[in-house]
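Student: entry_5.pdb (PDB, C-alpha atoms, pLDDT in the B column) pasted underneath:
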```pdb
ATOM      1  CA  MET V   1       0.000   0.000   0.000  1.00 55.00           C
ATOM      2  CA  LYS V   2       1.230   3.510  -0.850  1.00 69.00           C
ATOM      3  CA  GLU V   3       2.031   5.949   1.949  1.00 73.00           C
ATOM      4  CA  LYS V   4      -0.492   8.794   2.044  1.00 79.00           C
ATOM      5  CA  ASN V   5       0.450  12.407   2.666  1.00 80.00           C
ATOM      6  CA  THR V   6      -1.161  14.552   5.350  1.00 79.00           C
ATOM      7  CA  GLU V   7      -3.657  16.094   2.927  1.00 86.00           C
ATOM      8  CA  GLU V   8      -4.885  12.669   1.810  1.00 89.00           C
ATOM      9  CA  LEU V   9      -5.210  11.481   5.404  1.00 87.00           C
ATOM     10  CA  THR V  10      -7.096  14.624   6.364  1.00 90.00           C
ATOM     11  CA  LYS V  11      -9.622  14.036   3.562  1.00 91.00           C
ATOM     12  CA  VAL V  12     -10.218  10.507   4.819  1.00 89.00           C
ATOM     13  CA  LEU V  13     -10.511  11.725   8.429  1.00 91.00           C
ATOM     14  CA  ASN V  14     -13.153  14.269   7.468  1.00 92.00           C
ATOM     15  CA  SER V  15     -15.497  11.420   6.573  1.00 91.00           C
ATOM     16  CA  THR V  16     -14.404   8.948   9.265  1.00 92.00           C
ATOM     17  CA  HIS V  17     -16.767   8.245  12.152  1.00 92.00           C
ATOM     18  CA  ALA V  18     -15.760   7.253  15.682  1.00 91.00           C
ATOM     19  CA  LYS V  19     -16.995   3.696  15.087  1.00 93.00           C
ATOM     20  CA  ASP V  20     -14.513   3.433  12.173  1.00 90.00           C
ATOM     21  CA  ILE V  21     -11.333   4.433  14.060  1.00 91.00           C
ATOM     22  CA  SER V  22      -9.962   0.873  14.122  1.00 91.00           C
ATOM     23  CA  GLN V  23     -10.485   0.506  10.389  1.00 91.00           C
ATOM     24  CA  TYR V  24      -8.901   3.920   9.707  1.00 91.00           C
ATOM     25  CA  LEU V  25      -5.827   3.074  11.774  1.00 87.00           C
ATOM     26  CA  GLU V  26      -5.459  -0.324  10.126  1.00 87.00           C
ATOM     27  CA  ASN V  27      -5.907   1.024   6.586  1.00 88.00           C
ATOM     28  CA  ASN V  28      -3.433   3.875   7.103  1.00 86.00           C
ATOM     29  CA  ARG V  29      -0.818   2.228   9.339  1.00 78.00           C
ATOM     30  CA  GLU V  30       1.974   2.814   6.756  1.00 74.00           C
ATOM     31  CA  SER V  31       1.266   6.536   6.720  1.00 75.00           C
ATOM     32  CA  MET V  32       1.157   7.032  10.478  1.00 73.00           C
ATOM     33  CA  ILE V  33       3.992   8.217  12.683  1.00 66.00           C
ATOM     34  CA  THR V  34       4.155   5.601  15.383  1.00 67.00           C
ATOM     35  CA  GLY V  35       6.229   5.118  18.462  1.00 68.00           C
ATOM     36  CA  GLU V  36       9.424   6.630  19.711  1.00 68.00           C
ATOM     37  CA  LYS V  37      11.469   4.660  17.162  1.00 79.00           C
ATOM     38  CA  ALA V  38       9.829   6.350  14.134  1.00 88.00           C
ATOM     39  CA  PHE V  39      12.917   8.501  13.468  1.00 93.00           C
ATOM     40  CA  SER V  40      15.285   5.597  13.968  1.00 92.00           C
ATOM     41  CA  ASP V  41      13.419   3.300  11.586  1.00 90.00           C
ATOM     42  CA  TYR V  42      12.975   6.012   8.980  1.00 92.00           C
ATOM     43  CA  PHE V  43      16.569   7.288   9.102  1.00 95.00           C
ATOM     44  CA  ARG V  44      18.033   3.790   8.874  1.00 94.00           C
ATOM     45  CA  ARG V  45      15.733   2.948   5.970  1.00 92.00           C
ATOM     46  CA  CYS V  46      16.883   6.093   4.110  1.00 94.00           C
ATOM     47  CA  LEU V  47      20.541   5.201   4.632  1.00 96.00           C
ATOM     48  CA  LYS V  48      19.939   1.620   3.522  1.00 95.00           C
ATOM     49  CA  GLU V  49      18.230   2.800   0.306  1.00 94.00           C
ATOM     50  CA  LYS V  50      21.188   5.101  -0.391  1.00 95.00           C
ATOM     51  CA  LYS V  51      23.685   2.376   0.562  1.00 97.00           C
ATOM     52  CA  ILE V  52      25.333   4.648   3.132  1.00 97.00           C
ATOM     53  CA  LYS V  53      26.862   3.341   6.362  1.00 97.00           C
ATOM     54  CA  GLN V  54      25.922   5.020   9.622  1.00 96.00           C
ATOM     55  CA  GLN V  55      29.578   5.228  10.562  1.00 96.00           C
ATOM     56  CA  ASP V  56      30.271   7.307   7.416  1.00 97.00           C
ATOM     57  CA  VAL V  57      27.372   9.609   8.297  1.00 97.00           C
ATOM     58  CA  PHE V  58      28.777  10.234  11.770  1.00 96.00           C
ATOM     59  CA  ILE V  59      32.189  11.077  10.311  1.00 95.00           C
ATOM     60  CA  GLN V  60      30.707  13.486   7.739  1.00 95.00           C
ATOM     61  CA  ALA V  61      28.406  15.028  10.356  1.00 95.00           C
ATOM     62  CA  ASP V  62      31.314  15.437  12.789  1.00 94.00           C
ATOM     63  CA  ILE V  63      29.385  13.566  15.463  1.00 94.00           C
ATOM     64  CA  PRO V  64      31.207  11.100  17.734  1.00 94.00           C
ATOM     65  CA  GLU V  65      30.348   7.575  16.603  1.00 93.00           C
ATOM     66  CA  ARG V  66      29.127   6.308  19.972  1.00 94.00           C
ATOM     67  CA  TYR V  67      26.898   9.363  20.429  1.00 94.00           C
ATOM     68  CA  GLY V  68      25.640   9.064  16.844  1.00 94.00           C
ATOM     69  CA  TYR V  69      24.551   5.468  17.332  1.00 95.00           C
ATOM     70  CA  LYS V  70      22.739   6.430  20.525  1.00 94.00           C
ATOM     71  CA  LEU V  71      20.943   9.265  18.726  1.00 93.00           C
ATOM     72  CA  VAL V  72      19.897   7.124  15.779  1.00 94.00           C
ATOM     73  CA  SER V  73      18.727   4.264  17.997  1.00 92.00           C
ATOM     74  CA  MET V  74      16.854   6.823  20.158  1.00 91.00           C
ATOM     75  CA  GLU V  75      18.722   5.574  23.230  1.00 91.00           C
ATOM     76  CA  LYS V  76      19.704   9.227  23.692  1.00 91.00           C
ATOM     77  CA  LYS V  77      17.607  12.169  22.556  1.00 91.00           C
ATOM     78  CA  THR V  78      18.928  15.583  21.629  1.00 93.00           C
ATOM     79  CA  LEU V  79      17.136  18.892  21.915  1.00 93.00           C
ATOM     80  CA  GLN V  80      19.312  20.386  19.188  1.00 94.00           C
ATOM     81  CA  ARG V  81      17.734  20.445  15.741  1.00 96.00           C
ATOM     82  CA  ASP V  82      21.167  21.253  14.254  1.00 97.00           C
ATOM     83  CA  THR V  83      22.429  17.826  15.325  1.00 96.00           C
ATOM     84  CA  ILE V  84      19.607  16.104  13.434  1.00 97.00           C
ATOM     85  CA  LEU V  85      20.167  18.393  10.448  1.00 98.00           C
ATOM     86  CA  ARG V  86      23.858  17.422  10.437  1.00 97.00           C
ATOM     87  CA  LEU V  87      22.892  13.729  10.417  1.00 97.00           C
ATOM     88  CA  CYS V  88      20.411  14.243   7.596  1.00 98.00           C
ATOM     89  CA  TYR V  89      22.805  16.292   5.488  1.00 98.00           C
ATOM     90  CA  ALA V  90      25.651  13.830   5.994  1.00 97.00           C
ATOM     91  CA  GLY V  91      23.254  10.967   5.185  1.00 97.00           C
ATOM     92  CA  LYS V  92      22.425  12.668   1.878  1.00 97.00           C
ATOM     93  CA  LEU V  93      18.741  12.920   2.714  1.00 97.00           C
ATOM     94  CA  THR V  94      16.747  15.084   0.343  1.00 97.00           C
ATOM     95  CA  LEU V  95      14.901  18.129   1.636  1.00 97.00           C
ATOM     96  CA  ASP V  96      11.641  16.151   1.740  1.00 95.00           C
ATOM     97  CA  GLU V  97      13.320  13.258   3.554  1.00 96.00           C
ATOM     98  CA  THR V  98      14.893  15.703   6.009  1.00 97.00           C
ATOM     99  CA  GLN V  99      11.556  17.358   6.705  1.00 96.00           C
ATOM    100  CA  LYS V 100      10.050  13.949   7.406  1.00 93.00           C
ATOM    101  CA  ALA V 101      13.010  12.977   9.633  1.00 95.00           C
ATOM    102  CA  LEU V 102      12.593  16.188  11.648  1.00 96.00           C
ATOM    103  CA  LYS V 103       8.880  15.489  12.004  1.00 92.00           C
ATOM    104  CA  TYR V 104       9.573  11.933  13.190  1.00 92.00           C
ATOM    105  CA  TYR V 105      12.113  13.287  15.680  1.00 93.00           C
ATOM    106  CA  GLU V 106       9.398  15.702  16.860  1.00 91.00           C
ATOM    107  CA  MET V 107      11.416  18.758  15.914  1.00 94.00           C
ATOM    108  CA  PRO V 108      10.324  21.799  13.928  1.00 96.00           C
ATOM    109  CA  MET V 109      10.618  21.294  10.199  1.00 97.00           C
ATOM    110  CA  LEU V 110      12.605  23.781   8.143  1.00 97.00           C
ATOM    111  CA  TYR V 111      10.447  26.825   7.447  1.00 97.00           C
ATOM    112  CA  ALA V 112      10.854  28.799   4.217  1.00 96.00           C
ATOM    113  CA  LYS V 113       9.976  32.131   5.869  1.00 97.00           C
ATOM    114  CA  LYS V 114      12.921  31.910   8.272  1.00 97.00           C
ATOM    115  CA  GLU V 115      16.057  33.108   6.536  1.00 97.00           C
ATOM    116  CA  ARG V 116      18.423  30.585   8.141  1.00 98.00           C
ATOM    117  CA  ASP V 117      16.028  27.728   7.374  1.00 97.00           C
ATOM    118  CA  ALA V 118      15.648  28.966   3.782  1.00 97.00           C
ATOM    119  CA  ILE V 119      19.436  28.820   3.330  1.00 97.00           C
ATOM    120  CA  LEU V 120      19.460  25.301   4.768  1.00 98.00           C
ATOM    121  CA  MET V 121      16.624  24.271   2.451  1.00 97.00           C
ATOM    122  CA  ILE V 122      18.631  25.480  -0.540  1.00 97.00           C
ATOM    123  CA  CYS V 123      21.639  23.541   0.740  1.00 97.00           C
ATOM    124  CA  PHE V 124      19.596  20.341   1.029  1.00 97.00           C
ATOM    125  CA  ASN V 125      18.372  20.866  -2.536  1.00 95.00           C
ATOM    126  CA  GLU V 126      21.660  21.937  -4.126  1.00 94.00           C
ATOM    127  CA  ARG V 127      24.266  20.062  -2.040  1.00 94.00           C
ATOM    128  CA  PRO V 128      27.031  22.715  -2.173  1.00 92.00           C
ATOM    129  CA  GLY V 129      29.521  20.362  -0.504  1.00 93.00           C
ATOM    130  CA  SER V 130      30.203  19.212   3.023  1.00 95.00           C
ATOM    131  CA  ILE V 131      28.786  20.624   6.233  1.00 96.00           C
ATOM    132  CA  ILE V 132      31.808  22.937   6.254  1.00 95.00           C
ATOM    133  CA  GLU V 133      30.523  24.580   3.046  1.00 96.00           C
ATOM    134  CA  VAL V 134      26.992  24.744   4.448  1.00 97.00           C
ATOM    135  CA  ASN V 135      28.341  26.487   7.544  1.00 97.00           C
ATOM    136  CA  ALA V 136      30.329  28.890   5.363  1.00 96.00           C
ATOM    137  CA  LEU V 137      27.127  29.887   3.555  1.00 96.00           C
ATOM    138  CA  LEU V 138      25.266  30.358   6.825  1.00 97.00           C
ATOM    139  CA  LYS V 139      28.108  32.494   8.159  1.00 97.00           C
ATOM    140  CA  LYS V 140      28.297  34.506   4.920  1.00 97.00           C
ATOM    141  CA  TYR V 141      24.691  35.574   5.370  1.00 97.00           C
ATOM    142  CA  GLY V 142      25.097  36.357   9.067  1.00 97.00           C
ATOM    143  CA  HIS V 143      23.560  33.249  10.610  1.00 97.00           C
ATOM    144  CA  ASP V 144      24.714  30.762  13.211  1.00 96.00           C
ATOM    145  CA  VAL V 145      26.459  27.716  11.794  1.00 97.00           C
ATOM    146  CA  LEU V 146      25.093  24.215  12.306  1.00 96.00           C
ATOM    147  CA  ARG V 147      26.222  23.586  15.861  1.00 90.00           C
ATOM    148  CA  PRO V 148      28.426  20.581  16.440  1.00 81.00           C
ATOM    149  CA  SER V 149      26.958  17.888  18.667  1.00 70.00           C
ATOM    150  CA  GLY V 150      27.391  18.205  22.378  1.00 58.00           C
ATOM    151  CA  ILE V 151      26.811  21.941  22.536  1.00 47.00           C
ATOM    152  CA  LEU V 152      23.670  22.536  24.583  1.00 44.00           C
ATOM    153  CA  ASP V 153      22.631  18.896  24.184  1.00 43.00           C
TER     154      ASP V 153
END
```
Could you quickly redo this structure as structure tokens?

Tutor:
Amino acid sequence: MKEKNTEELTKVLNSTHAKDISQYLENNRESMITGEKAFSDYFRRCLKEKKIKQQDVFIQADIPERYGYKLVSMEKKTLQRDTILRLCYAGKLTLDETQKALKYYEMPMLYAKKERDAILMICFNERPGSIIEVNALLKKYGHDVLRPSGILD
């Protein structure tokens, strides 16, 4: 079954009655965000599809390997969206995949009306290079760089 987007689910919900909740949940299980491992499962699936090793992601993201594994497995949770953005960028996730990963991690998605987020969105679309180049662009336009892990975590 194909995963439905939020708009499609909302249409179905508008005509779903309370007596049909079980059927709705069963029919749309693939499209639902479930459990605290949603990010972990999704992120690992993205890396597997791209044939990228987690260890390589941690190196590119400049995140200590042990900490990275704990973040991805959800054994440890960060409050820093930049850490998740570093993982997504290093894992070569597209902008759409990154938005979904942020949602699964229960973090704010990138927002086009915020200048820093807009720059990051362009970076996820264009891939100007490593996180170092992304940080250089952020700095060039007067914004904070993607914080390395461990700062304010």

Student: Take the PyMOL selection byres ((chain V and resi 97-106) around 10), run it mentally on this structure, and tell me the resulting residues as a ChimeraX atom specification.

Tutor: /V:33-43,46,72,74,77-79,81,84-85,87-89,91-96,107-111,121,124

Student: Keeping only C-alpha atoms, take the residues you just selected and write them out as a PDB file, in the coordinates of the input.

Tutor:
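Output (result.pdb):
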```pdb
ATOM      1  CA  ILE V  33       3.992   8.217  12.683  1.00 66.00           C
ATOM      2  CA  THR V  34       4.155   5.601  15.383  1.00 67.00           C
ATOM      3  CA  GLY V  35       6.229   5.118  18.462  1.00 68.00           C
ATOM      4  CA  GLU V  36       9.424   6.630  19.711  1.00 68.00           C
ATOM      5  CA  LYS V  37      11.469   4.660  17.162  1.00 79.00           C
ATOM      6  CA  ALA V  38       9.829   6.350  14.134  1.00 88.00           C
ATOM      7  CA  PHE V  39      12.917   8.501  13.468  1.00 93.00           C
ATOM      8  CA  SER V  40      15.285   5.597  13.968  1.00 92.00           C
ATOM      9  CA  ASP V  41      13.419   3.300  11.586  1.00 90.00           C
ATOM     10  CA  TYR V  42      12.975   6.012   8.980  1.00 92.00           C
ATOM     11  CA  PHE V  43      16.569   7.288   9.102  1.00 95.00           C
ATOM     12  CA  CYS V  46      16.883   6.093   4.110  1.00 94.00           C
ATOM     13  CA  VAL V  72      19.897   7.124  15.779  1.00 94.00           C
ATOM     14  CA  MET V  74      16.854   6.823  20.158  1.00 91.00           C
ATOM     15  CA  LYS V  77      17.607  12.169  22.556  1.00 91.00           C
ATOM     16  CA  THR V  78      18.928  15.583  21.629  1.00 93.00           C
ATOM     17  CA  LEU V  79      17.136  18.892  21.915  1.00 93.00           C
ATOM     18  CA  ARG V  81      17.734  20.445  15.741  1.00 96.00           C
ATOM     19  CA  ILE V  84      19.607  16.104  13.434  1.00 97.00           C
ATOM     20  CA  LEU V  85      20.167  18.393  10.448  1.00 98.00           C
ATOM     21  CA  LEU V  87      22.892  13.729  10.417  1.00 97.00           C
ATOM     22  CA  CYS V  88      20.411  14.243   7.596  1.00 98.00           C
ATOM     23  CA  TYR V  89      22.805  16.292   5.488  1.00 98.00           C
ATOM     24  CA  GLY V  91      23.254  10.967   5.185  1.00 97.00           C
ATOM     25  CA  LYS V  92      22.425  12.668   1.878  1.00 97.00           C
ATOM     26  CA  LEU V  93      18.741  12.920   2.714  1.00 97.00           C
ATOM     27  CA  THR V  94      16.747  15.084   0.343  1.00 97.00           C
ATOM     28  CA  LEU V  95      14.901  18.129   1.636  1.00 97.00           C
ATOM     29  CA  ASP V  96      11.641  16.151   1.740  1.00 95.00           C
ATOM     30  CA  MET V 107      11.416  18.758  15.914  1.00 94.00           C
ATOM     31  CA  PRO V 108      10.324  21.799  13.928  1.00 96.00           C
ATOM     32  CA  MET V 109      10.618  21.294  10.199  1.00 97.00           C
ATOM     33  CA  LEU V 110      12.605  23.781   8.143  1.00 97.00           C
ATOM     34  CA  TYR V 111      10.447  26.825   7.447  1.00 97.00           C
ATOM     35  CA  MET V 121      16.624  24.271   2.451  1.00 97.00           C
ATOM     36  CA  PHE V 124      19.596  20.341   1.029  1.00 97.00           C
TER      37      PHE V 124
END
```

Student: What separation in Å, quoted to one decimal, exists between atom CA of V:Gln54 and atom CA of V:Arg116?

Tutor: 26.7 Å

Student: For V:His143, find every residue with an atom within 9 Å (counting all atoms listed in the file), except residues of its own chain fewer than 4 positions away, and show them as a list of chain:residue names.

Tutor: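 Here the qualifying residues turn out to be V:Glu115, V:Arg116, V:Asn135, V:Leu137, V:Leu138, V:Lys139.
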
Student: Taking the file above as input, evaluate the PyMOL selection byres ((chain V and resi 1-16) around 6) and report the hits as a PyMOL selection string.

Tutor: chain V and resi 17+30-31

Student: Listed atoms of stretch 64-71 of chain V, axis-aligned box, 8 Å per side: centre and edge lengths to one decimal in Å, as JSON?

Tutor:
```
{"center_x": 26.1, "center_y": 8.3, "center_z": 18.6, "size_x": 26.3, "size_y": 21.6, "size_z": 19.9}
```

Student: For the atom pair atom CA of V:Arg86 and atom CA of V:Ala61, what is the interatomic distance in Å to one decimal place?

Tutor: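 Taking atom CA of V:Arg86 as the start and atom CA of V:Ala61 as the end point, the length is 5.1 Å.
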
Student: When you draw a straight line from atom CA of V:Gly142 to atom CA of V:Ala118, how long is it in Å?

Tutor: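 Those two atoms sit 13.1 Å apart.
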
Student: So, with all atoms listed in the file as the atoms that count, which of V:Asp82, V:Ile131, V:Tyr69, V:Lys113 lies closest to V:Lys53?

Tutor: V:Tyr69
